[in-house]
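This is input28.cif. It holds mmCIF, C-alpha atoms and all ligand atoms.
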```cif
data_final
#
loop_
_atom_site.label_atom_id
_atom_site.label_comp_id
_atom_site.auth_asym_id
_atom_site.auth_seq_id
_atom_site.Cartn_x
_atom_site.Cartn_y
_atom_site.Cartn_z
CA MET A 1 114.78 189.24 -9.50
CA GLU A 2 115.21 187.65 -12.91
CA VAL A 3 113.22 189.18 -15.72
CA PHE A 4 112.29 187.62 -19.04
CA LYS A 5 112.28 189.41 -22.38
CA ILE A 6 108.78 188.83 -23.69
CA ALA A 7 108.60 189.78 -27.38
CA GLU A 8 104.83 189.20 -27.44
CA SER A 9 102.12 187.37 -25.55
CA PHE A 10 98.64 186.61 -26.82
CA VAL A 11 95.81 184.12 -26.65
CA SER A 12 95.00 182.28 -29.89
CA ILE A 13 94.24 178.85 -31.16
CA ASN A 14 97.31 176.69 -31.18
CA GLY A 15 98.29 176.31 -34.81
CA GLU A 16 100.94 173.60 -34.42
CA GLY A 17 101.77 170.38 -32.62
CA LYS A 18 99.72 167.75 -30.82
CA LYS A 19 97.57 170.38 -29.07
CA ALA A 20 96.69 172.15 -32.33
CA GLY A 21 93.20 173.59 -32.42
CA ARG A 22 93.02 174.35 -28.70
CA LEU A 23 93.19 177.79 -27.17
CA SER A 24 96.59 178.60 -25.77
CA MET A 25 98.42 181.54 -24.27
CA PHE A 26 101.55 182.17 -26.31
CA ILE A 27 104.60 183.58 -24.59
CA ARG A 28 107.33 184.45 -27.06
CA LEU A 29 110.78 185.08 -25.64
CA ARG A 30 113.28 187.23 -27.49
CA GLY A 31 116.56 185.85 -28.87
CA CYS A 32 117.58 182.82 -30.89
CA ASN A 33 120.90 181.06 -31.48
CA LEU A 34 119.88 179.88 -34.98
CA ASN A 35 118.82 181.68 -38.15
CA CYS A 36 116.66 179.32 -40.19
CA SER A 37 116.23 180.28 -43.84
CA TYR A 38 112.44 180.10 -43.55
CA CYS A 39 111.91 181.52 -40.07
CA ASP A 40 108.54 183.25 -39.84
CA THR A 41 109.54 185.01 -36.63
CA LYS A 42 112.84 186.60 -37.70
CA TRP A 43 111.83 189.80 -35.94
CA ALA A 44 112.24 187.98 -32.59
CA ILE A 45 115.69 186.44 -33.26
CA SER A 46 117.63 189.42 -31.95
CA LYS A 47 117.93 189.88 -28.18
CA LYS A 48 117.56 193.58 -28.83
CA GLY A 49 114.34 195.19 -29.95
CA GLU A 50 111.01 195.74 -28.34
CA ALA A 51 110.19 193.50 -25.39
CA GLU A 52 108.22 193.59 -22.20
CA LEU A 53 110.33 192.73 -19.17
CA MET A 54 108.39 190.46 -16.84
CA THR A 55 109.22 188.31 -13.82
CA ALA A 56 108.12 184.68 -13.63
CA ALA A 57 105.49 185.67 -11.05
CA GLU A 58 104.08 188.35 -13.39
CA VAL A 59 103.94 185.92 -16.31
CA SER A 60 102.15 183.24 -14.29
CA GLN A 61 99.71 185.85 -12.94
CA MET A 62 98.97 186.92 -16.54
CA VAL A 63 98.42 183.27 -17.51
CA LYS A 64 96.13 182.72 -14.52
CA GLU A 65 94.05 185.79 -15.37
CA SER A 66 93.78 184.73 -19.04
CA GLY A 67 91.49 181.83 -18.13
CA VAL A 68 93.20 179.43 -20.58
CA ASP A 69 94.58 176.06 -19.47
CA LEU A 70 97.46 175.74 -21.94
CA VAL A 71 100.64 177.76 -22.38
CA THR A 72 102.94 177.65 -25.41
CA LEU A 73 106.40 178.92 -24.55
CA THR A 74 108.11 179.85 -27.80
CA GLY A 75 110.42 182.41 -29.35
CA GLY A 76 113.05 182.94 -30.54
CA GLU A 77 114.47 180.02 -28.61
CA PRO A 78 112.97 179.75 -25.12
CA LEU A 79 115.53 177.28 -23.74
CA LEU A 80 118.35 179.80 -24.34
CA ASP A 81 117.28 181.82 -21.31
CA GLU A 82 119.46 180.75 -18.38
CA ASN A 83 116.60 181.36 -15.93
CA ILE A 84 113.97 179.49 -17.92
CA SER A 85 113.56 176.85 -15.17
CA GLY A 86 112.07 179.53 -12.92
CA LEU A 87 109.50 180.46 -15.55
CA ILE A 88 108.63 176.82 -16.26
CA GLY A 89 108.22 176.11 -12.54
CA SER A 90 106.06 179.16 -12.04
CA ILE A 91 103.70 178.27 -14.90
CA LEU A 92 103.46 174.63 -13.79
CA SER A 93 102.65 175.72 -10.25
CA LEU A 94 99.25 176.83 -11.57
CA PRO A 95 96.82 173.94 -10.92
CA LYS A 96 96.10 171.78 -14.01
CA MET A 97 98.01 174.16 -16.29
CA GLU A 98 99.59 172.44 -19.33
CA LEU A 99 102.80 173.78 -20.81
CA GLU A 100 104.39 173.05 -24.15
CA ILE A 101 107.79 174.35 -25.14
CA GLU A 102 108.65 174.99 -28.78
CA THR A 103 112.38 174.33 -29.07
CA ASN A 104 114.72 174.26 -32.04
CA GLY A 105 116.58 171.01 -31.35
CA SER A 106 119.97 172.61 -30.76
CA ILE A 107 119.74 172.93 -26.95
CA PRO A 108 119.91 169.89 -24.62
CA ILE A 109 116.41 169.19 -23.31
CA ARG A 110 117.61 166.88 -20.54
CA PRO A 111 117.39 169.41 -17.66
CA TRP A 112 113.63 169.68 -18.19
CA ARG A 113 112.90 166.00 -18.60
CA GLU A 114 112.25 164.89 -15.05
CA ARG A 115 109.48 167.34 -14.29
CA ASP A 116 105.91 166.52 -15.11
CA ALA A 117 103.85 165.05 -17.95
CA ARG A 118 102.03 168.39 -18.06
CA LEU A 119 105.23 169.70 -19.64
CA SER A 120 105.79 168.58 -23.22
CA MET A 121 108.42 169.50 -25.76
CA THR A 122 107.70 170.24 -29.41
CA MET A 123 111.20 169.86 -30.76
CA ASP A 124 112.26 170.58 -34.33
CA TYR A 125 114.86 168.61 -36.22
CA LYS A 126 116.23 171.28 -38.58
CA LEU A 127 116.57 169.86 -42.08
CA PRO A 128 119.05 170.82 -44.85
CA SER A 129 116.92 173.62 -46.35
CA SER A 130 116.91 175.45 -43.00
CA GLY A 131 120.72 175.82 -43.26
CA MET A 132 120.92 174.92 -39.55
CA GLU A 133 121.18 171.13 -39.53
CA GLU A 134 124.74 171.05 -38.22
CA SER A 135 123.56 172.70 -34.98
CA MET A 136 121.28 169.81 -34.02
CA CYS A 137 121.94 168.29 -30.59
CA LEU A 138 121.63 164.58 -31.33
CA GLU A 139 121.71 163.57 -27.65
CA ASN A 140 118.17 164.94 -27.49
CA MET A 141 117.00 161.97 -29.53
CA GLU A 142 117.61 159.80 -26.45
CA GLU A 143 115.76 162.18 -24.10
CA LEU A 144 112.35 162.13 -25.77
CA LYS A 145 109.24 161.07 -23.87
CA PRO A 146 106.14 159.49 -25.46
CA TRP A 147 104.21 162.74 -24.92
CA ASP A 148 106.80 164.87 -26.77
CA VAL A 149 106.61 165.92 -30.41
CA VAL A 150 109.43 165.88 -32.95
CA LYS A 151 108.63 168.17 -35.85
CA PHE A 152 110.23 168.12 -39.30
CA VAL A 153 109.54 171.36 -41.16
CA ILE A 154 110.01 170.43 -44.79
CA GLY A 155 110.97 172.74 -47.66
CA THR A 156 112.39 170.43 -50.32
CA ARG A 157 112.52 166.84 -51.57
CA GLU A 158 115.98 166.56 -50.00
CA ASP A 159 114.41 167.49 -46.65
CA LEU A 160 111.89 164.67 -47.03
CA GLU A 161 114.60 162.10 -47.68
CA LYS A 162 116.63 163.39 -44.73
CA ALA A 163 113.63 163.35 -42.37
CA LYS A 164 112.98 159.69 -43.27
CA GLU A 165 116.63 158.83 -42.62
CA VAL A 166 116.63 160.56 -39.21
CA ILE A 167 113.34 158.92 -38.17
CA GLU A 168 114.76 155.48 -39.00
CA ARG A 169 118.20 156.09 -37.51
CA PHE A 170 116.80 157.12 -34.12
CA SER A 171 113.55 155.05 -34.19
CA LEU A 172 111.73 158.30 -33.54
CA CYS A 173 108.21 156.98 -34.10
CA GLU A 174 108.74 154.56 -31.21
CA LYS A 175 109.91 157.34 -28.90
CA ALA A 176 107.64 160.32 -29.53
CA ILE A 177 104.92 161.77 -31.75
CA VAL A 178 106.33 162.71 -35.16
CA TYR A 179 104.99 165.45 -37.45
CA PHE A 180 105.77 166.55 -40.99
CA SER A 181 104.84 170.14 -41.75
CA PRO A 182 105.58 172.19 -44.89
CA VAL A 183 107.65 175.35 -44.80
CA PHE A 184 104.66 177.57 -45.44
CA GLY A 185 104.33 178.28 -49.17
CA ALA A 186 107.67 176.64 -50.08
CA ILE A 187 106.62 173.13 -51.15
CA PRO A 188 103.30 171.82 -52.48
CA PRO A 189 101.83 170.14 -49.38
CA ASP A 190 100.64 167.17 -51.46
CA GLU A 191 104.27 166.32 -52.26
CA ILE A 192 104.75 165.59 -48.56
CA VAL A 193 101.62 163.44 -48.40
CA GLU A 194 102.66 161.53 -51.55
CA PHE A 195 106.04 160.82 -49.95
CA MET A 196 104.32 159.55 -46.79
CA LYS A 197 102.09 157.30 -48.92
CA GLU A 198 104.97 156.05 -51.04
CA HIS A 199 106.94 155.01 -47.96
CA ARG A 200 103.92 153.94 -45.88
CA MET A 201 104.91 156.23 -43.03
CA ASN A 202 102.03 155.04 -40.89
CA LYS A 203 103.14 156.69 -37.67
CA VAL A 204 103.99 160.12 -39.06
CA ARG A 205 101.35 162.86 -38.83
CA PHE A 206 100.95 165.62 -41.39
CA GLN A 207 100.16 169.17 -40.29
CA ILE A 208 99.78 172.64 -41.78
CA GLN A 209 100.10 175.71 -39.51
CA ILE A 210 96.43 176.46 -38.85
CA HIS A 211 96.89 180.13 -37.93
CA LYS A 212 98.34 180.86 -41.38
CA VAL A 213 95.10 179.68 -42.97
CA VAL A 214 92.77 181.43 -40.51
CA TRP A 215 94.61 184.78 -40.64
CA ASP A 216 96.94 186.59 -43.05
CA PRO A 217 100.13 184.46 -42.92
CA GLU A 218 102.21 187.60 -42.25
CA ARG A 219 100.13 188.70 -39.29
CA LYS A 220 101.76 188.86 -35.84
CA GLY A 221 100.02 188.08 -32.58
CA VAL A 222 97.81 185.23 -33.83
C1 LIG B 1 109.32 180.35 -34.73
S1 LIG B 1 109.81 178.80 -34.07
C2 LIG B 1 110.17 179.21 -32.36
C3 LIG B 1 110.61 178.02 -31.55
C4 LIG B 1 111.99 177.45 -31.87
N1 LIG B 1 112.94 178.46 -32.15
C5 LIG B 1 111.91 176.45 -33.01
O1 LIG B 1 112.44 176.73 -34.10
O2 LIG B 1 111.30 175.40 -32.79
C6 LIG B 1 108.26 177.89 -33.89
C7 LIG B 1 107.97 176.87 -34.95
O3 LIG B 1 107.65 177.54 -36.17
C8 LIG B 1 108.21 176.80 -37.22
N2 LIG B 1 108.33 177.65 -38.40
C9 LIG B 1 109.05 178.80 -38.50
N3 LIG B 1 108.94 179.33 -39.73
C10 LIG B 1 108.12 178.51 -40.43
C11 LIG B 1 107.62 178.51 -41.76
N4 LIG B 1 107.96 179.48 -42.62
N5 LIG B 1 106.80 177.51 -42.13
C12 LIG B 1 106.48 176.51 -41.27
N6 LIG B 1 106.91 176.45 -39.99
C13 LIG B 1 107.73 177.43 -39.58
C14 LIG B 1 109.54 176.37 -36.65
O4 LIG B 1 110.11 175.33 -37.43
C15 LIG B 1 109.13 175.93 -35.27
O5 LIG B 1 108.65 174.60 -35.31
N1 LIG B 2 98.52 180.29 -33.49
C1 LIG B 2 99.82 180.01 -33.36
N2 LIG B 2 100.19 178.75 -33.02
C2 LIG B 2 101.51 178.51 -32.86
N3 LIG B 2 102.09 177.33 -32.47
C3 LIG B 2 103.42 177.54 -32.38
C4 LIG B 2 103.71 178.86 -32.72
C5 LIG B 2 105.08 179.43 -32.63
O1 LIG B 2 105.36 180.46 -33.22
O2 LIG B 2 105.89 178.81 -31.94
C6 LIG B 2 102.51 179.48 -33.03
C7 LIG B 2 102.11 180.79 -33.45
O3 LIG B 2 102.90 181.70 -33.69
N4 LIG B 2 100.76 180.99 -33.58
S1 LIG B 3 115.24 178.27 -34.45
FE1 LIG B 3 113.08 178.90 -34.47
S2 LIG B 3 113.08 181.10 -33.96
FE2 LIG B 3 115.20 180.50 -34.39
S3 LIG B 3 115.48 181.05 -36.52
FE3 LIG B 3 114.84 178.90 -36.50
S4 LIG B 3 112.58 178.91 -36.66
FE4 LIG B 3 113.24 181.00 -36.15
MG MG B 4 104.79 181.03 -35.13
#
```

Output the file's structure in the form of structure tokens.
Amino acid sequence: MEVFKIAESFVSINGEGKKAGRLSMFIRLRGCNLNCSYCDTKWAISKKGEAELMTAAEVSQMVKESGVDLVTLTGGEPLLDENISGLIGSILSLPKMELEIETNGSIPIRPWRERDARLSMTMDYKLPSSGMEESMCLENMEELKPWDVVKFVIGTREDLEKAKEVIERFSLCEKAIVYFSPVFGAIPPDEIVEFMKEHRMNKVRFQIQIHKVVWDPERKGV
């Protein structure tokens, strides 16, 4: 029986993406293949370290008992787990359950594309200030569905220019929902809005991580 390394699980309001503001059950898997300069979850990058080992059936039972109707599968990098299909299937077998997967843009999303509109991807494009841009899997740009999100987490002016270039090169606003979000505390948020105004980026949405405003930004489990 496959087990998953759950670094933490909790119910909170969703602080990011198109379902922001709604209650969600967060399931954070351990282990990541990248090491973004700004990562706010560095403690979960290593495969080692504290984790609860749970089967897909145990996770879906926990979700069912939680009473929420949305799951955010995050990490670390959730798509790194070779058995992740089993966990996705198990969560989606719960009636009316919605599932969003936070993924870093370096892993092909194709294997999970044919499933169900209840499954959406929130996929990052890692910009220069992350130090991880060369790991981006550009084939993913052709796999996006209209209900997916592409998120640009922006730390510098150079990041803004690069995000604009990538949006135009892959016509991203025609393919998915596009967000700009500041690296928390790294760039004045109004600089991002001014850039959007200057370039009339009518289809890009601006977002700040809500949970970092509601709680101490360093706090885990929220
Ligand atoms: C911790 S990551 C886990 C999922 C996956 N590894 C990824 O990078 O998408 C979840 C989201 O938090 C964002 N994030 C991490 N650190 C951040 C920070 N300091 N400020 C803003 N967003 C951040 C990431 O860019 C990603 O969109
Ligand atoms: N409240 C809250 N919302 C979130 N949305 C995405 C998160 C993540 O770490 O992937 C996250 C998180 O860590 N907390
Ligand atoms: S890919 Fe996600 S979890 Fe991994 S280092 Fe970057 S932000 Fe952190
Ligand atoms: Mg987070």

Compile the contact shell of segment 64-67 of chain A as a list in words: residues with an atom at most 12 Å away, counting only C-alpha atoms, same-chain residues fewer than 5 positions apart removed.
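The neighbour list is Ser9, Phe10, Val11, Ser12, Leu23, Ser24, Met25, Phe26, Ala57, Glu58, Val59, Ser90, Ile91, Leu92, Ser93, Leu94, Pro95, Lys96, Met97 and Glu98 of chain A.
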
Between A:Ile107, A:Leu144, A:Ile6, A:Cys39, which has the minimum distance to ligand MG 4 (chain B) (counting all atoms listed in the file)?
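Nearest to ligand MG 4 (chain B): A:Cys39.
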
Assuming 4 Å of padding per side, give the centre and edge lengths of the axis-aligned box around every listed atom of segment 187-192 of chain A, in Å to one decimal and as AutoDock Vina command-line options.
```
--center_x 103.6 --center_y 169.4 --center_z -50.5 --size_x 14.0 --size_y 15.5 --size_z 11.9
```

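The space between atom CA of Gly31 of chain A and atom FE2 of ligand LIG 3 (chain B) spans 7.8 Å.
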
12 Å from ligand MG 4 (chain B) is the threshold here; counting all atoms listed in the file, which polymer residues fall inside it? Answer as a VMD selection string.
chain A and resid 8 to 10 12 to 17 26 to 29 38 to 44 72 to 77 102 to 103 183 to 184 208 to 212 217 to 222

Will you model N, CA, C and O atoms for segment 109-133 of chain A and pass it back as a PDB file, in the coordinates of the input?
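Result went into result_9.pdb, see below:
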```pdb
ATOM      1  N   ILE A 109     117.699 169.099 -24.012  1.00  0.00           N
ATOM      2  CA  ILE A 109     116.410 169.190 -23.310  1.00  0.00           C
ATOM      3  C   ILE A 109     116.439 168.425 -21.987  1.00  0.00           C
ATOM      4  O   ILE A 109     115.493 168.491 -21.213  1.00  0.00           O
ATOM      5  N   ARG A 110     117.521 167.731 -21.723  1.00  0.00           N
ATOM      6  CA  ARG A 110     117.610 166.880 -20.540  1.00  0.00           C
ATOM      7  C   ARG A 110     117.220 167.561 -19.212  1.00  0.00           C
ATOM      8  O   ARG A 110     116.484 166.984 -18.410  1.00  0.00           O
ATOM      9  N   PRO A 111     117.708 168.786 -18.952  1.00  0.00           N
ATOM     10  CA  PRO A 111     117.390 169.410 -17.660  1.00  0.00           C
ATOM     11  C   PRO A 111     115.902 169.548 -17.387  1.00  0.00           C
ATOM     12  O   PRO A 111     115.512 169.726 -16.245  1.00  0.00           O
ATOM     13  N   TRP A 112     115.074 169.469 -18.392  1.00  0.00           N
ATOM     14  CA  TRP A 112     113.630 169.680 -18.190  1.00  0.00           C
ATOM     15  C   TRP A 112     112.837 168.399 -18.321  1.00  0.00           C
ATOM     16  O   TRP A 112     111.622 168.419 -18.376  1.00  0.00           O
ATOM     17  N   ARG A 113     113.562 167.267 -18.322  1.00  0.00           N
ATOM     18  CA  ARG A 113     112.900 166.000 -18.600  1.00  0.00           C
ATOM     19  C   ARG A 113     112.202 165.373 -17.407  1.00  0.00           C
ATOM     20  O   ARG A 113     111.269 164.631 -17.546  1.00  0.00           O
ATOM     21  N   GLU A 114     112.718 165.647 -16.206  1.00  0.00           N
ATOM     22  CA  GLU A 114     112.250 164.890 -15.050  1.00  0.00           C
ATOM     23  C   GLU A 114     111.013 165.501 -14.407  1.00  0.00           C
ATOM     24  O   GLU A 114     110.544 165.042 -13.396  1.00  0.00           O
ATOM     25  N   ARG A 115     110.500 166.564 -14.988  1.00  0.00           N
ATOM     26  CA  ARG A 115     109.480 167.340 -14.290  1.00  0.00           C
ATOM     27  C   ARG A 115     108.124 166.667 -14.212  1.00  0.00           C
ATOM     28  O   ARG A 115     107.795 165.997 -13.259  1.00  0.00           O
ATOM     29  N   ASP A 116     107.332 166.783 -15.244  1.00  0.00           N
ATOM     30  CA  ASP A 116     105.910 166.520 -15.110  1.00  0.00           C
ATOM     31  C   ASP A 116     105.371 166.234 -16.515  1.00  0.00           C
ATOM     32  O   ASP A 116     105.796 166.860 -17.473  1.00  0.00           O
ATOM     33  N   ALA A 117     104.427 165.317 -16.631  1.00  0.00           N
ATOM     34  CA  ALA A 117     103.850 165.050 -17.950  1.00  0.00           C
ATOM     35  C   ALA A 117     103.029 166.226 -18.464  1.00  0.00           C
ATOM     36  O   ALA A 117     102.669 166.272 -19.644  1.00  0.00           O
ATOM     37  N   ARG A 118     102.738 167.191 -17.591  1.00  0.00           N
ATOM     38  CA  ARG A 118     102.030 168.390 -18.060  1.00  0.00           C
ATOM     39  C   ARG A 118     102.951 169.273 -18.894  1.00  0.00           C
ATOM     40  O   ARG A 118     102.504 170.211 -19.542  1.00  0.00           O
ATOM     41  N   LEU A 119     104.253 168.968 -18.832  1.00  0.00           N
ATOM     42  CA  LEU A 119     105.230 169.700 -19.640  1.00  0.00           C
ATOM     43  C   LEU A 119     105.631 168.844 -20.837  1.00  0.00           C
ATOM     44  O   LEU A 119     106.162 167.745 -20.664  1.00  0.00           O
ATOM     45  N   SER A 120     105.366 169.333 -22.031  1.00  0.00           N
ATOM     46  CA  SER A 120     105.790 168.580 -23.220  1.00  0.00           C
ATOM     47  C   SER A 120     106.656 169.468 -24.110  1.00  0.00           C
ATOM     48  O   SER A 120     106.507 170.692 -24.131  1.00  0.00           O
ATOM     49  N   MET A 121     107.549 168.812 -24.816  1.00  0.00           N
ATOM     50  CA  MET A 121     108.420 169.500 -25.760  1.00  0.00           C
ATOM     51  C   MET A 121     107.872 169.316 -27.176  1.00  0.00           C
ATOM     52  O   MET A 121     107.447 168.207 -27.534  1.00  0.00           O
ATOM     53  N   THR A 122     107.893 170.367 -27.959  1.00  0.00           N
ATOM     54  CA  THR A 122     107.700 170.240 -29.410  1.00  0.00           C
ATOM     55  C   THR A 122     109.041 170.635 -30.002  1.00  0.00           C
ATOM     56  O   THR A 122     109.383 171.824 -30.064  1.00  0.00           O
ATOM     57  N   MET A 123     109.813 169.625 -30.361  1.00  0.00           N
ATOM     58  CA  MET A 123     111.200 169.860 -30.760  1.00  0.00           C
ATOM     59  C   MET A 123     111.367 169.685 -32.264  1.00  0.00           C
ATOM     60  O   MET A 123     110.983 168.664 -32.820  1.00  0.00           O
ATOM     61  N   ASP A 124     111.957 170.690 -32.906  1.00  0.00           N
ATOM     62  CA  ASP A 124     112.260 170.580 -34.330  1.00  0.00           C
ATOM     63  C   ASP A 124     113.529 169.751 -34.539  1.00  0.00           C
ATOM     64  O   ASP A 124     114.449 169.785 -33.703  1.00  0.00           O
ATOM     65  N   TYR A 125     113.570 169.045 -35.673  1.00  0.00           N
ATOM     66  CA  TYR A 125     114.860 168.610 -36.220  1.00  0.00           C
ATOM     67  C   TYR A 125     115.041 169.471 -37.461  1.00  0.00           C
ATOM     68  O   TYR A 125     114.256 169.355 -38.424  1.00  0.00           O
ATOM     69  N   LYS A 126     116.041 170.351 -37.456  1.00  0.00           N
ATOM     70  CA  LYS A 126     116.230 171.280 -38.580  1.00  0.00           C
ATOM     71  C   LYS A 126     116.873 170.552 -39.759  1.00  0.00           C
ATOM     72  O   LYS A 126     117.963 169.981 -39.639  1.00  0.00           O
ATOM     73  N   LEU A 127     116.178 170.591 -40.869  1.00  0.00           N
ATOM     74  CA  LEU A 127     116.570 169.860 -42.080  1.00  0.00           C
ATOM     75  C   LEU A 127     117.477 170.703 -42.977  1.00  0.00           C
ATOM     76  O   LEU A 127     117.651 171.904 -42.724  1.00  0.00           O
ATOM     77  N   PRO A 128     118.065 170.086 -44.045  1.00  0.00           N
ATOM     78  CA  PRO A 128     119.050 170.820 -44.850  1.00  0.00           C
ATOM     79  C   PRO A 128     118.588 172.199 -45.342  1.00  0.00           C
ATOM     80  O   PRO A 128     119.360 173.165 -45.310  1.00  0.00           O
ATOM     81  N   SER A 129     117.331 172.329 -45.772  1.00  0.00           N
ATOM     82  CA  SER A 129     116.920 173.620 -46.350  1.00  0.00           C
ATOM     83  C   SER A 129     116.857 174.747 -45.331  1.00  0.00           C
ATOM     84  O   SER A 129     116.812 175.916 -45.696  1.00  0.00           O
ATOM     85  N   SER A 130     116.892 174.394 -44.037  1.00  0.00           N
ATOM     86  CA  SER A 130     116.910 175.450 -43.000  1.00  0.00           C
ATOM     87  C   SER A 130     118.286 176.103 -42.932  1.00  0.00           C
ATOM     88  O   SER A 130     118.425 177.225 -42.459  1.00  0.00           O
ATOM     89  N   GLY A 131     119.333 175.344 -43.388  1.00  0.00           N
ATOM     90  CA  GLY A 131     120.720 175.820 -43.260  1.00  0.00           C
ATOM     91  C   GLY A 131     121.280 175.644 -41.852  1.00  0.00           C
ATOM     92  O   GLY A 131     122.397 176.076 -41.570  1.00  0.00           O
ATOM     93  N   MET A 132     120.540 175.007 -40.963  1.00  0.00           N
ATOM     94  CA  MET A 132     120.920 174.920 -39.550  1.00  0.00           C
ATOM     95  C   MET A 132     121.123 173.495 -39.050  1.00  0.00           C
ATOM     96  O   MET A 132     121.250 173.268 -37.850  1.00  0.00           O
ATOM     97  N   GLU A 133     121.160 172.527 -39.968  1.00  0.00           N
ATOM     98  CA  GLU A 133     121.180 171.130 -39.530  1.00  0.00           C
ATOM     99  C   GLU A 133     122.393 170.795 -38.663  1.00  0.00           C
ATOM    100  O   GLU A 133     122.295 170.000 -37.724  1.00  0.00           O
TER     101      GLU A 133
END
```
